[in-house]
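Have a look at query-v6.pdb below; it lists PDB, N, CA and C atoms.
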ATOM      1  N   MET A   1     114.452  95.345  94.362
ATOM      2  CA  MET A   1     113.043  95.686  94.518
ATOM      3  C   MET A   1     112.305  95.057  93.341
ATOM      4  N   GLY A   2     111.150  94.472  93.662
ATOM      5  CA  GLY A   2     110.347  93.836  92.637
ATOM      6  C   GLY A   2     109.587  94.849  91.786
ATOM      7  N   ALA A   3     109.091  94.368  90.670
ATOM      8  CA  ALA A   3     108.367  95.236  89.733
ATOM      9  C   ALA A   3     107.123  95.839  90.376
ATOM     10  N   ARG A   4     106.424  95.050  91.170
ATOM     11  CA  ARG A   4     105.217  95.576  91.837
ATOM     12  C   ARG A   4     105.536  96.722  92.779
ATOM     13  N   ARG A   5     106.586  96.546  93.543
ATOM     14  CA  ARG A   5     106.966  97.591  94.494
ATOM     15  C   ARG A   5     107.430  98.844  93.758
ATOM     16  N   ARG A   6     108.189  98.642  92.669
ATOM     17  CA  ARG A   6     108.625  99.781  91.851
ATOM     18  C   ARG A   6     107.420 100.548  91.322
ATOM     19  N   GLN A   7     106.413  99.813  90.858
ATOM     20  CA  GLN A   7     105.199 100.452  90.350
ATOM     21  C   GLN A   7     104.467 101.203  91.464
ATOM     22  N   ALA A   8     104.421 100.624  92.651
ATOM     23  CA  ALA A   8     103.749 101.274  93.778
ATOM     24  C   ALA A   8     104.473 102.565  94.162
ATOM     25  N   VAL A   9     105.795 102.528  94.203
ATOM     26  CA  VAL A   9     106.571 103.719  94.562
ATOM     27  C   VAL A   9     106.410 104.782  93.478
ATOM     28  N   ALA A  10     106.406 104.362  92.213
ATOM     29  CA  ALA A  10     106.197 105.307  91.113
ATOM     30  C   ALA A  10     104.793 105.920  91.190
ATOM     31  N   ALA A  11     103.806 105.118  91.584
ATOM     32  CA  ALA A  11     102.439 105.631  91.740
ATOM     33  C   ALA A  11     102.375 106.645  92.876
ATOM     34  N   GLU A  12     103.122 106.427  93.945
ATOM     35  CA  GLU A  12     103.168 107.392  95.043
ATOM     36  C   GLU A  12     103.772 108.712  94.557
ATOM     37  N   ALA A  13     104.805 108.635  93.730
ATOM     38  CA  ALA A  13     105.411 109.849  93.163
ATOM     39  C   ALA A  13     104.400 110.578  92.282
ATOM     40  N   ALA A  14     103.670 109.834  91.470
ATOM     41  CA  ALA A  14     102.665 110.445  90.595
ATOM     42  C   ALA A  14     101.557 111.103  91.414
ATOM     43  N   PHE A  15     101.176 110.470  92.518
ATOM     44  CA  PHE A  15     100.161 111.060  93.391
ATOM     45  C   PHE A  15     100.645 112.386  93.964
ATOM     46  N   LEU A  16     101.881 112.407  94.445
ATOM     47  CA  LEU A  16     102.436 113.652  94.988
ATOM     48  C   LEU A  16     102.501 114.736  93.916
ATOM     49  N   ASP A  17     102.889 114.349  92.696
ATOM     50  CA  ASP A  17     102.915 115.309  91.590
ATOM     51  C   ASP A  17     101.523 115.883  91.323
ATOM     52  N   SER A  18     100.515 115.020  91.321
ATOM     53  CA  SER A  18      99.148 115.492  91.053
ATOM     54  C   SER A  18      98.646 116.391  92.181
ATOM     55  N   LEU A  19      99.047 116.087  93.402
ATOM     56  CA  LEU A  19      98.682 116.928  94.542
ATOM     57  C   LEU A  19      99.269 118.324  94.386
ATOM     58  N   VAL A  20     100.533 118.398  94.006
ATOM     59  CA  VAL A  20     101.188 119.688  93.800
ATOM     60  C   VAL A  20     100.520 120.437  92.646
ATOM     61  N   ASP A  21     100.308 119.741  91.536
ATOM     62  CA  ASP A  21      99.672 120.387  90.377
ATOM     63  C   ASP A  21      98.308 120.959  90.728
ATOM     64  N   ALA A  22      97.550 120.240  91.535
ATOM     65  CA  ALA A  22      96.206 120.689  91.904
ATOM     66  C   ALA A  22      96.236 121.950  92.757
ATOM     67  N   GLN A  23      97.314 122.157  93.497
ATOM     68  CA  GLN A  23      97.394 123.306  94.393
ATOM     69  C   GLN A  23      98.030 124.542  93.755
ATOM     70  N   LEU A  24      98.689 124.371  92.621
ATOM     71  CA  LEU A  24      99.384 125.501  92.004
ATOM     72  C   LEU A  24      98.442 126.641  91.640
ATOM     73  N   GLU A  25      97.310 126.331  91.051
ATOM     74  CA  GLU A  25      96.364 127.381  90.672
ATOM     75  C   GLU A  25      95.838 128.102  91.906
ATOM     76  N   PHE A  26      95.583 127.346  92.962
ATOM     77  CA  PHE A  26      95.132 127.944  94.216
ATOM     78  C   PHE A  26      96.163 128.952  94.733
ATOM     79  N   ILE A  27      97.428 128.556  94.727
ATOM     80  CA  ILE A  27      98.490 129.434  95.228
ATOM     81  C   ILE A  27      98.597 130.689  94.364
ATOM     82  N   ARG A  28      98.455 130.537  93.072
ATOM     83  CA  ARG A  28      98.534 131.702  92.180
ATOM     84  C   ARG A  28      97.462 132.736  92.494
ATOM     85  N   GLN A  29      96.354 132.307  93.038
ATOM     86  CA  GLN A  29      95.246 133.214  93.331
ATOM     87  C   GLN A  29      95.395 133.925  94.673
ATOM     88  N   LEU A  30      96.329 133.501  95.473
ATOM     89  CA  LEU A  30      96.542 134.116  96.784
ATOM     90  C   LEU A  30      97.306 135.425  96.649
ATOM     91  N   PRO A  31      97.108 136.321  97.608
ATOM     92  CA  PRO A  31      97.945 137.527  97.639
ATOM     93  C   PRO A  31      99.413 137.118  97.834
ATOM     94  N   LEU A  32     100.315 137.913  97.340
ATOM     95  CA  LEU A  32     101.741 137.575  97.390
ATOM     96  C   LEU A  32     102.230 137.243  98.793
ATOM     97  N   HIS A  33     101.780 137.981  99.792
ATOM     98  CA  HIS A  33     102.270 137.756 101.154
ATOM     99  C   HIS A  33     101.803 136.418 101.731
ATOM    100  N   ARG A  34     100.830 135.775 101.111
ATOM    101  CA  ARG A  34     100.325 134.482 101.603
ATOM    102  C   ARG A  34     100.911 133.292 100.851
ATOM    103  N   ARG A  35     101.616 133.536  99.761
ATOM    104  CA  ARG A  35     102.087 132.454  98.893
ATOM    105  C   ARG A  35     103.325 131.726  99.403
ATOM    106  N   GLU A  36     104.203 132.439 100.055
ATOM    107  CA  GLU A  36     105.529 131.896 100.338
ATOM    108  C   GLU A  36     105.511 130.570 101.099
ATOM    109  N   GLU A  37     104.833 130.512 102.220
ATOM    110  CA  GLU A  37     104.837 129.286 103.021
ATOM    111  C   GLU A  37     104.196 128.121 102.277
ATOM    112  N   LEU A  38     103.106 128.390 101.580
ATOM    113  CA  LEU A  38     102.461 127.317 100.818
ATOM    114  C   LEU A  38     103.336 126.854  99.666
ATOM    115  N   ALA A  39     104.008 127.777  99.014
ATOM    116  CA  ALA A  39     104.917 127.405  97.932
ATOM    117  C   ALA A  39     106.075 126.557  98.473
ATOM    118  N   GLU A  40     106.571 126.912  99.641
ATOM    119  CA  GLU A  40     107.638 126.109 100.257
ATOM    120  C   GLU A  40     107.147 124.708 100.586
ATOM    121  N   ALA A  41     105.923 124.594 101.072
ATOM    122  CA  ALA A  41     105.358 123.278 101.378
ATOM    123  C   ALA A  41     105.220 122.450 100.104
ATOM    124  N   LEU A  42     104.787 123.073  99.028
ATOM    125  CA  LEU A  42     104.683 122.347  97.758
ATOM    126  C   LEU A  42     106.059 121.926  97.255
ATOM    127  N   ALA A  43     107.063 122.757  97.476
ATOM    128  CA  ALA A  43     108.426 122.399  97.071
ATOM    129  C   ALA A  43     108.906 121.162  97.823
ATOM    130  N   VAL A  44     108.545 121.057  99.089
ATOM    131  CA  VAL A  44     108.893 119.864  99.873
ATOM    132  C   VAL A  44     108.233 118.633  99.246
ATOM    133  N   LEU A  45     106.982 118.768  98.836
ATOM    134  CA  LEU A  45     106.277 117.642  98.208
ATOM    135  C   LEU A  45     106.891 117.275  96.858
ATOM    136  N   VAL A  46     107.340 118.272  96.108
ATOM    137  CA  VAL A  46     108.005 118.002  94.825
ATOM    138  C   VAL A  46     109.275 117.190  95.055
ATOM    139  N   MET A  47     110.058 117.589  96.043
ATOM    140  CA  MET A  47     111.292 116.865  96.353
ATOM    141  C   MET A  47     110.990 115.455  96.851
ATOM    142  N   LEU A  48     109.922 115.303  97.606
ATOM    143  CA  LEU A  48     109.537 113.979  98.094
ATOM    144  C   LEU A  48     109.116 113.078  96.927
ATOM    145  N   ALA A  49     108.406 113.641  95.966
ATOM    146  CA  ALA A  49     108.041 112.865  94.770
ATOM    147  C   ALA A  49     109.303 112.425  94.032
ATOM    148  N   GLN A  50     110.282 113.330  93.940
ATOM    149  CA  GLN A  50     111.536 112.969  93.279
ATOM    150  C   GLN A  50     112.256 111.860  94.042
ATOM    151  N   ASP A  51     112.231 111.915  95.361
ATOM    152  CA  ASP A  51     112.839 110.858  96.165
ATOM    153  C   ASP A  51     112.160 109.512  95.892
ATOM    154  N   HIS A  52     110.859 109.514  95.714
ATOM    155  CA  HIS A  52     110.150 108.278  95.377
ATOM    156  C   HIS A  52     110.604 107.750  94.014
ATOM    157  N   ARG A  53     110.801 108.660  93.056
ATOM    158  CA  ARG A  53     111.289 108.214  91.752
ATOM    159  C   ARG A  53     112.701 107.642  91.871
ATOM    160  N   TYR A  54     113.536 108.253  92.716
ATOM    161  CA  TYR A  54     114.875 107.704  92.945
ATOM    162  C   TYR A  54     114.792 106.284  93.505
ATOM    163  N   ARG A  55     113.864 106.081  94.419
ATOM    164  CA  ARG A  55     113.691 104.734  94.989
ATOM    165  C   ARG A  55     113.220 103.751  93.930
ATOM    166  N   ALA A  56     112.265 104.181  93.101
ATOM    167  CA  ALA A  56     111.753 103.296  92.052
ATOM    168  C   ALA A  56     112.860 102.902  91.069
ATOM    169  N   GLN A  57     113.825 103.794  90.859
ATOM    170  CA  GLN A  57     114.956 103.505  89.968
ATOM    171  C   GLN A  57     116.043 102.684  90.657
ATOM    172  N   GLY A  58     115.906 102.515  91.977
ATOM    173  CA  GLY A  58     116.911 101.765  92.716
ATOM    174  C   GLY A  58     118.119 102.601  93.109
ATOM    175  N   TRP A  59     118.024 103.922  92.986
ATOM    176  CA  TRP A  59     119.148 104.794  93.294
ATOM    177  C   TRP A  59     119.308 105.041  94.782
ATOM    178  N   ILE A  60     118.227 104.896  95.550
ATOM    179  CA  ILE A  60     118.322 105.012  97.004
ATOM    180  C   ILE A  60     117.627 103.801  97.623
ATOM    181  N   SER A  61     117.981 103.502  98.830
ATOM    182  CA  SER A  61     117.408 102.359  99.533
ATOM    183  C   SER A  61     116.054 102.707 100.151
ATOM    184  N   ARG A  62     115.357 101.671 100.544
ATOM    185  CA  ARG A  62     114.085 101.867 101.248
ATOM    186  C   ARG A  62     114.310 102.640 102.545
ATOM    187  N   ARG A  63     115.388 102.301 103.212
ATOM    188  CA  ARG A  63     115.722 102.991 104.456
ATOM    189  C   ARG A  63     115.971 104.482 104.215
ATOM    190  N   GLU A  64     116.704 104.801 103.137
ATOM    191  CA  GLU A  64     116.966 106.199 102.816
ATOM    192  C   GLU A  64     115.670 106.929 102.448
ATOM    193  N   LEU A  65     114.792 106.262 101.709
ATOM    194  CA  LEU A  65     113.508 106.886 101.377
ATOM    195  C   LEU A  65     112.721 107.183 102.650
ATOM    196  N   ARG A  66     112.691 106.239 103.573
ATOM    197  CA  ARG A  66     111.998 106.483 104.848
ATOM    198  C   ARG A  66     112.600 107.665 105.582
ATOM    199  N   HIS A  67     113.919 107.757 105.568
ATOM    200  CA  HIS A  67     114.605 108.874 106.216
ATOM    201  C   HIS A  67     114.183 110.191 105.569
ATOM    202  N   ARG A  68     114.158 110.228 104.254
ATOM    203  CA  ARG A  68     113.774 111.444 103.536
ATOM    204  C   ARG A  68     112.303 111.790 103.766
ATOM    205  N   ILE A  69     111.458 110.782 103.856
ATOM    206  CA  ILE A  69     110.044 111.032 104.165
ATOM    207  C   ILE A  69     109.934 111.673 105.547
ATOM    208  N   GLY A  70     110.661 111.147 106.509
ATOM    209  CA  GLY A  70     110.646 111.710 107.863
ATOM    210  C   GLY A  70     111.108 113.157 107.879
ATOM    211  N   ARG A  71     112.183 113.454 107.140
ATOM    212  CA  ARG A  71     112.663 114.843 107.060
ATOM    213  C   ARG A  71     111.630 115.741 106.401
ATOM    214  N   ALA A  72     110.985 115.232 105.344
ATOM    215  CA  ALA A  72     109.969 116.031 104.643
ATOM    216  C   ALA A  72     108.796 116.324 105.568
ATOM    217  N   LEU A  73     108.352 115.325 106.308
ATOM    218  CA  LEU A  73     107.235 115.532 107.228
ATOM    219  C   LEU A  73     107.599 116.523 108.326
ATOM    220  N   ALA A  74     108.813 116.417 108.833
ATOM    221  CA  ALA A  74     109.263 117.378 109.855
ATOM    222  C   ALA A  74     109.321 118.786 109.265
ATOM    223  N   GLY A  75     109.804 118.894 108.038
ATOM    224  CA  GLY A  75     109.859 120.195 107.384
ATOM    225  C   GLY A  75     108.481 120.779 107.152
ATOM    226  N   LEU A  76     107.550 119.932 106.712
ATOM    227  CA  LEU A  76     106.175 120.396 106.513
ATOM    228  C   LEU A  76     105.551 120.816 107.835
ATOM    229  N   ASP A  77     105.796 120.040 108.852
ATOM    230  CA  ASP A  77     105.254 120.373 110.173
ATOM    231  C   ASP A  77     105.766 121.734 110.634
ATOM    232  N   ALA A  78     107.056 121.976 110.440
ATOM    233  CA  ALA A  78     107.634 123.267 110.837
ATOM    234  C   ALA A  78     107.051 124.407 110.005
ATOM    235  N   LEU A  79     106.864 124.179 108.703
ATOM    236  CA  LEU A  79     106.312 125.218 107.838
ATOM    237  C   LEU A  79     104.871 125.558 108.184
ATOM    238  N   LEU A  80     104.136 124.550 108.599
ATOM    239  CA  LEU A  80     102.707 124.739 108.810
ATOM    240  C   LEU A  80     102.349 125.143 110.233
ATOM    241  N   GLN A  81     103.352 125.300 111.081
ATOM    242  CA  GLN A  81     103.085 125.777 112.445
ATOM    243  C   GLN A  81     102.579 127.210 112.372
ATOM    244  N   VAL A  82     101.465 127.451 112.989
ATOM    245  CA  VAL A  82     100.878 128.787 112.999
ATOM    246  C   VAL A  82     101.435 129.527 114.205
ATOM    247  N   PRO A  83     102.119 130.651 113.972
ATOM    248  CA  PRO A  83     102.637 131.387 115.123
ATOM    249  C   PRO A  83     101.488 131.974 115.941
ATOM    250  N   ASP A  84     101.689 132.034 117.224
ATOM    251  CA  ASP A  84     100.688 132.587 118.122
ATOM    252  C   ASP A  84     100.647 134.101 117.940
ATOM    253  N   PRO A  85      99.533 134.655 117.448
ATOM    254  CA  PRO A  85      99.487 136.079 117.172
ATOM    255  C   PRO A  85      99.618 136.958 118.420
ATOM    256  N   LEU A  86      99.324 136.383 119.579
ATOM    257  CA  LEU A  86      99.432 137.149 120.827
ATOM    258  C   LEU A  86     100.785 136.955 121.513
ATOM    259  N   GLY A  87     101.573 136.016 120.999
ATOM    260  CA  GLY A  87     102.888 135.763 121.587
ATOM    261  C   GLY A  87     102.810 135.083 122.943
ATOM    262  N   ILE A  88     101.735 134.359 123.207
ATOM    263  CA  ILE A  88     101.547 133.731 124.511
ATOM    264  C   ILE A  88     102.225 132.373 124.592
ATOM    265  N   ALA A  89     102.176 131.602 123.533
ATOM    266  CA  ALA A  89     102.675 130.223 123.574
ATOM    267  C   ALA A  89     104.155 130.107 123.549
TER     268      ALA A  89
END

For this file, produce the structure as C-alpha cells.
Amino acid sequence: MGARRRQAVAAEAAFLDSLVDAQLEFIRQLPLHRREELAEALAVLVMLAQDHRYRAQGWISRRELRHRIGRALAGLDALLQVPDPLGIA
C-alpha cells in the first residue's frame, strides 16, 4: 500500500474516532435504559476505526478490511432496528 493510501485509511480511522468522541457526552446524558444500544453502536465504530489502523499498518488486506466494514455495517443495522411496539411486523 502506498503512503497516500495509508494516510487516507489513517484519516478514516481518525474520523471514526472523532465521531465516537463527539457522541460520548450525548450518551452520558441519556437515562441508563437508553444507553446500551447506542453504546454498542459506538463500540462497533471503535472496532472499525481499529480495523482501519490495522490496514494502514499493513496487518490486514484491503479485502479483509472490506469484509470487516461489511460486518460492522450489518451489526449496526441490526442494533439500530427499531422493534415494532405493537408487534405487527

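CA of Gln81 in chain A is positioned 15.2 Å from atom C of His33 in chain A.
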
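In this structure, CA of Leu76 in chain A sits 16.9 Å away from CA of His52 in chain A.
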
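You can rank A:Val20, A:Ala56, A:Arg4, A:Val9 by their closest distance to Leu42 in chain A using only N, CA and C atoms, and at the top of that list sits A:Val20.
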
Practice task
Let me know the residues the PyMOL selection byres ((chain A and resi 49) around 8) catches in the file above, as an MDAnalysis selection string.
Solution key: chainID A and resid 12:17 43:48 50:55

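If you look at CA of Leu65 in chain A and CA of Asp77 in chain A, they are 18.1 Å away from each other.
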
Handout entry: Closest of A:Gln57, A:Ala72, A:Leu38, A:Arg66 to Arg6 in chain A - atom-to-atom distances counting all atoms listed in the file
Key = A:Gln57
